[in-house]
Every structure is written in C-alpha cells, then in structure tokens.
Amino acid sequence: MASLKVYSVGRLAKCITDSTLRNLRTSYYRSSVRCYGTEEKPVEKEAPADKDSKQLPSSVEECHKQIEELTSELKTLKDQAKDYEDKYKRALADGENVRRRMMKQVEDAKSFAIQSFCKDLLDVADTLSAAAESVPAEGGAEGGAALRSLADGLRLTRAQLAQVFARHGLVAVSPLREKFDPNLHEALFQQEVEGAEAGTVVTVSKVGYKLHERCVRPALVGVAK
C-alpha cells in the first residue's frame with residue numbers, strides 16, 4: 001500500500017513537471033513571435049517636395065488667376081524671344097556689312113597701291129607726248145631720216161607707255177566736246193563758242209587720268225558759256 005502511494009506521488013510530480021515545461025515553452029514561443037511581429041520597420045524617407053512646384057489651385061477662381069499669370073508670363077517670354085531674334089539678325093547683318101567693307105578695302109588697297117607711282121609717271125607721259133608732237137613727221141633736207149626716226153621712236157614709246165598704263169588700269173581722259181563733269185574735269189576758263197552748247201568742253205589743256213574708275217588727275221579744260 002505504501003509503495004502504491006509512492007508510485008502515485010511520483011507519477012503526479014512527473015505530470016506536473018511535464019505540464020510546467022510545456023507551458024513555459026509555449027509562453028516563450030508566443031512572446032518571441034509577438035516581439036518579431038511588433039518589430040518596427042525602417043521608415044522610408046519621403047522625397048523632399050519640389051520647392052519650385054506650385055500647389056494646385058483649390059478653387060475655380062484660383063485656377064483662372066493661375067491661368068492669367070501663366071498667360072502673362074508666356075507673353076513676356078515670347079516678347080523676349082522676339083527681341084533676342086531681332087538683335088541676333090541685326091548682329092548678323094552688321095557682321096556681314098563689316099566683312100563686305102573689309103573685303104572692299106582690301107580690294108581697293110590692292111587696286112590703288114600704285115596710285116602715287118602712277119601720278120609720278122603722268123608728268124613723264126606729258127613730257128613724252130609734248131616731245132612726240134614737237135618733232136615733225138617729215139624732216140627737211142638735212143637730217144630728214146634722223147628726224148623721222150626720232151618722231152617714230154617717240155610715238156612708239158608713247159604708245160607702249162599708254163599700253164602699260166591701260167594694263168594696270170590707268171586710262172587717259174580727254175573730254176573734248178563732252179559735258180563738263182566736275183568729278184573728272186577742272187575748268188580753267190569759260191568762253192563763248194559759236195555752235196557749242198553751254199557747259200560743253202571746248203578745249204583740253206592737259207589730259208586727265210583715271211585709275212580703276214577713280215580720278216587721279218582731273219583734265220584741265222575750257223568750257224563753253
């Protein structure tokens with residue numbers, strides 16, 4: 001009988017111990033699951049709002065007001081773009097004009113670089129022409145062949161000099177019976193000439209010259225009244 005009681009008490013103690021252990025395990029598992037479930041998740045940072053972005057209108061009046069502001073801003077931008085385009089076109093035109101002027105100046109510098117040299121040669125040409133005209137084409141009995149040779153040589157030299165002048169753009173101006181042009185002629189005197197229209201050149205005292213259509217020496221003339 002005593003052994004039966006000891007056995008029963010042992011069984012009872014084992015059951016109580018097993019039950020206590022099971023309860024402890026269950027409680028620990030539940031607490032672990034609860035802690036894991038309630039663990040705070042990392043909070044994602046919100047993207048900063050665009051400072052320049054405008055808030056949407058909350059009423060019809062604000063919508064119309066915002067539309068008017070945008071319309072005014074668009075008109076201002078269009079005016080600025082038109083102004084910039086006009087300035088750009090003007091700058092292009094000014095640059096093209098400067099380029100053309102520079103090219104013209106370069107061409108003129110090339111064409112008229114010999115202008116001063118030509119002016120110095122004009123006196124030589126005048127002297128040569130006067131000498132050629134002063135020698136008679138036919139000489140007398142004494143020295144006739146020599147004079148003819150001299151006259152032919154002077155005329156040939158004058159012709160060659162005229163060809164050289166023409167090759168470099170230097171052209172003689174002899175405006176006899178032409179209208180007086182103050183850009184090319186210089187009037188020494190006026191006189192009445194029967195049958196000549198007033199303002200017509202009737203006498204050429206000295207031939208003028210042009211270099212590439214630019215007058216380097218005006219012709220000295222007499223003009224009819």
# chains A, B, ... in the order shown; residues from 1 in each chain; ligands from 1
$ select_by_dssp --residues "stretch 76-191 of chain A" --states "strand (DSSP E)" --output "ChimeraX atom specification"
/A:170-173,185-191
$ atom_distance --atom1 "atom CA of A:Gln115" --atom2 "atom CA of A:Cys215"
10.0 Å
$ atom_distance --atom1 "atom CA of A:Leu74" --atom2 "atom CA of A:Glu62"
18.1 Å
$ residues_around --residues "stretch 172-188 of chain A" --least-positions-apart "2" --cutoff "9 Å" --atoms "only C-alpha atoms" --output "PyMOL selection string"
chain A and resi 162+165-166+170+190+196-210+214-223
$ atom_distance --atom1 "atom CA of A:Ser129" --atom2 "atom CA of A:Thr157"
9.4 Å
$ closest_residue --among "A:Cys118, A:Leu154, A:Val106, A:Ala93" --to "A:Ala130" --atoms "only C-alpha atoms"
A:Leu154
